[in-house]
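**Q** Input run-v8.cif, format and content: mmCIF, C-alpha atoms.
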```cif
data_model
loop_
_atom_site.label_atom_id
_atom_site.label_comp_id
_atom_site.auth_asym_id
_atom_site.auth_seq_id
_atom_site.Cartn_x
_atom_site.Cartn_y
_atom_site.Cartn_z
CA MET A 12 90.04 139.81 66.20
CA ALA A 13 92.26 138.65 69.04
CA ALA A 14 91.06 138.77 72.64
CA LYS A 15 92.34 141.61 74.81
CA LYS A 16 95.36 140.83 76.94
CA GLY A 17 94.37 139.21 80.21
CA THR A 18 90.97 138.00 79.01
CA ILE A 19 89.88 134.47 78.13
CA PRO A 20 87.74 133.72 75.09
CA PRO A 21 84.28 132.34 76.03
CA ASN A 22 84.89 128.84 74.61
CA ALA A 23 88.47 128.43 75.84
CA GLY A 24 89.32 124.95 77.10
CA GLN A 25 86.07 123.35 75.92
CA GLY A 26 87.53 121.54 72.91
CA ARG A 27 85.45 120.39 69.97
CA ARG A 28 81.75 119.88 70.36
CA ARG A 29 80.59 116.32 70.84
CA GLY A 30 80.03 114.56 67.51
CA SER A 31 81.94 117.11 65.46
CA LYS A 32 84.19 115.66 62.76
CA ASN A 33 87.94 116.11 62.63
CA LYS A 34 88.67 118.01 59.39
CA THR A 35 91.69 115.86 58.55
CA THR A 36 89.69 112.65 59.01
CA VAL A 37 86.88 113.96 56.82
CA LEU A 38 89.34 114.96 54.07
CA LEU A 39 91.09 111.56 54.25
CA LYS A 40 87.80 109.66 54.01
CA GLU A 41 86.77 111.76 51.02
CA ALA A 42 90.11 111.07 49.32
CA ILE A 43 89.76 107.32 49.94
CA GLU A 44 86.22 107.33 48.54
CA GLU A 45 87.37 109.24 45.46
CA SER A 46 90.28 106.89 44.82
CA PHE A 47 87.96 103.88 45.30
CA ALA A 48 85.61 105.28 42.67
CA ASN A 49 88.53 106.01 40.33
CA VAL A 50 89.81 102.40 40.36
CA GLY A 51 86.41 100.86 39.69
CA GLY A 52 84.61 100.68 43.03
CA ALA A 53 82.90 97.37 43.77
CA GLU A 54 84.17 95.80 40.53
CA TYR A 55 87.73 96.49 41.65
CA LEU A 56 87.10 94.85 45.03
CA THR A 57 85.64 91.82 43.26
CA LEU A 58 88.78 91.55 41.16
CA MET A 59 90.98 91.92 44.24
CA ALA A 60 89.07 89.12 45.97
CA THR A 61 90.32 86.73 43.28
CA VAL A 62 93.77 88.23 42.64
CA GLU A 63 94.74 88.98 46.27
CA PRO A 64 92.36 86.97 48.48
CA ARG A 65 94.43 87.38 51.66
CA ALA A 66 94.49 91.16 51.35
CA TYR A 67 90.77 91.16 50.51
CA LEU A 68 89.86 89.03 53.53
CA THR A 69 92.06 91.21 55.75
CA LEU A 70 90.12 94.24 54.53
CA LEU A 71 86.82 92.50 55.28
CA ALA A 72 87.99 91.58 58.76
CA LYS A 73 88.83 95.21 59.46
CA VAL A 74 85.63 96.78 58.12
CA LEU A 75 82.99 94.24 59.11
CA PRO A 76 81.57 94.45 62.64
CA SER A 77 83.18 92.09 65.10
CA LYS A 78 79.81 91.19 66.64
CA ILE A 79 76.69 90.47 64.68
CA GLU A 80 73.32 89.90 66.28
CA ALA A 81 71.39 87.31 64.30
CA ASP A 82 68.50 84.94 64.59
CA ILE A 83 70.25 81.61 65.11
CA ASN A 84 67.09 79.63 64.45
CA VAL A 85 67.29 80.25 60.69
CA PHE A 86 69.27 77.05 60.07
CA GLN A 87 68.78 73.91 62.09
CA GLY A 88 70.54 70.57 62.29
CA THR A 89 72.06 69.43 59.01
CA GLN A 90 71.26 72.74 57.27
CA LEU A 91 73.59 74.56 59.68
CA VAL A 92 76.37 72.00 59.21
CA GLU A 93 76.03 72.19 55.42
CA ARG A 94 76.14 75.99 55.49
CA LEU A 95 79.27 75.98 57.67
CA GLN A 96 80.97 73.51 55.32
CA GLN A 97 80.12 75.70 52.31
CA GLY A 98 81.63 78.74 54.04
CA ARG A 99 84.80 76.89 54.98
CA THR A 100 85.16 75.47 51.47
CA LEU A 101 84.82 78.95 49.97
CA ALA A 102 87.35 80.38 52.44
CA SER A 103 89.80 77.56 51.65
CA LYS A 104 89.50 78.24 47.92
CA LEU A 105 90.03 81.96 48.40
CA LEU A 106 93.02 81.42 50.66
CA GLY A 107 94.49 78.66 48.51
CA ASP A 108 94.49 76.12 51.35
CA SER A 109 94.71 72.59 50.02
CA HIS A 110 93.78 70.84 53.28
CA ASP A 111 90.42 70.82 54.99
CA GLU A 112 91.38 70.07 58.59
CA HIS A 113 88.62 72.18 60.12
CA ARG A 114 85.75 70.37 58.46
CA VAL A 115 82.60 69.83 60.54
CA HIS A 116 81.51 66.17 60.65
#
```
Once you've parsed the file, please lay out its structure as structure tokens.
**A**
Amino acid sequence: MAAKKGTIPPNAGQGRRRGSKNKTTVLLKEAIEESFANVGGAEYLTLMATVEPRAYLTLLAKVLPSKIEADINVFQGTQLVERLQQGRTLASKLLGDSHDEHRVH
């Protein structure tokens, strides 16, 4: 029922409640999740990592947090250097880079 002329509804001008979800955003996320399941889910992403590594790494860059709090004492000295070299080697293989100019010595 519409409000009487000249009156203001009690919640006018307050907008959505804090934390409430936008219906369009919720529907879009549900559609993306459904399509992800339809194409194979995690197996599909694994395939894409090998077929289209640049697109895959771009996706990872967008969905992974930009800051990660971690215990930096896990690796020390040569262990840390070796781990960094392994990561760079893997990234080079995925990106198809033939040179290793960023190698840690």
**Q** Taking into account only C-alpha atoms, which residue in the set A:Lys32, A:Leu105, A:Thr18, A:Glu44 is nearest to A:Leu68?
**A** A:Leu105
**Q** Pick the closest to A:Gly107 from A:Pro64, A:Pro20, A:Gly88, A:Pro76: which is it, counting only C-alpha atoms?
**A** A:Pro64
**Q** May I ask for the distance between atom CA of A:Asn33 and atom CA of A:Ser46, given in Å to one decimal place?
**A**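 Interatomic distance, atom CA of A:Asn33 to atom CA of A:Ser46: 20.2 Å.
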**Q** Compile the contact shell of stretch 55-61 of chain A as an NGL selection string: residues with an atom at most 12 Å away, counting all atoms listed in the file, same-chain residues fewer than 5 positions apart removed.
**A** :A and (46-50 or 66-71 or 101-102 or 104-107)
**Q** Have a look at atom CA of A:Val74 and atom CA of A:Arg94 and let me know their distance in Å, one decimal.
**A**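 Taking atom CA of A:Val74 as the start and atom CA of A:Arg94 as the end point, the length is 23.0 Å.
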**Q** Box for stretch 35-46 of chain A: with edges along x, y and z, all listed atoms inside and 3 Å added on each side, what are the centre and edge lengths in Å to one decimal, as lines of an AutoDock Vina configuration file?
**A**
```
center_x = 89.0
center_y = 111.4
center_z = 51.9
size_x = 11.5
size_y = 15.0
size_z = 20.2
```
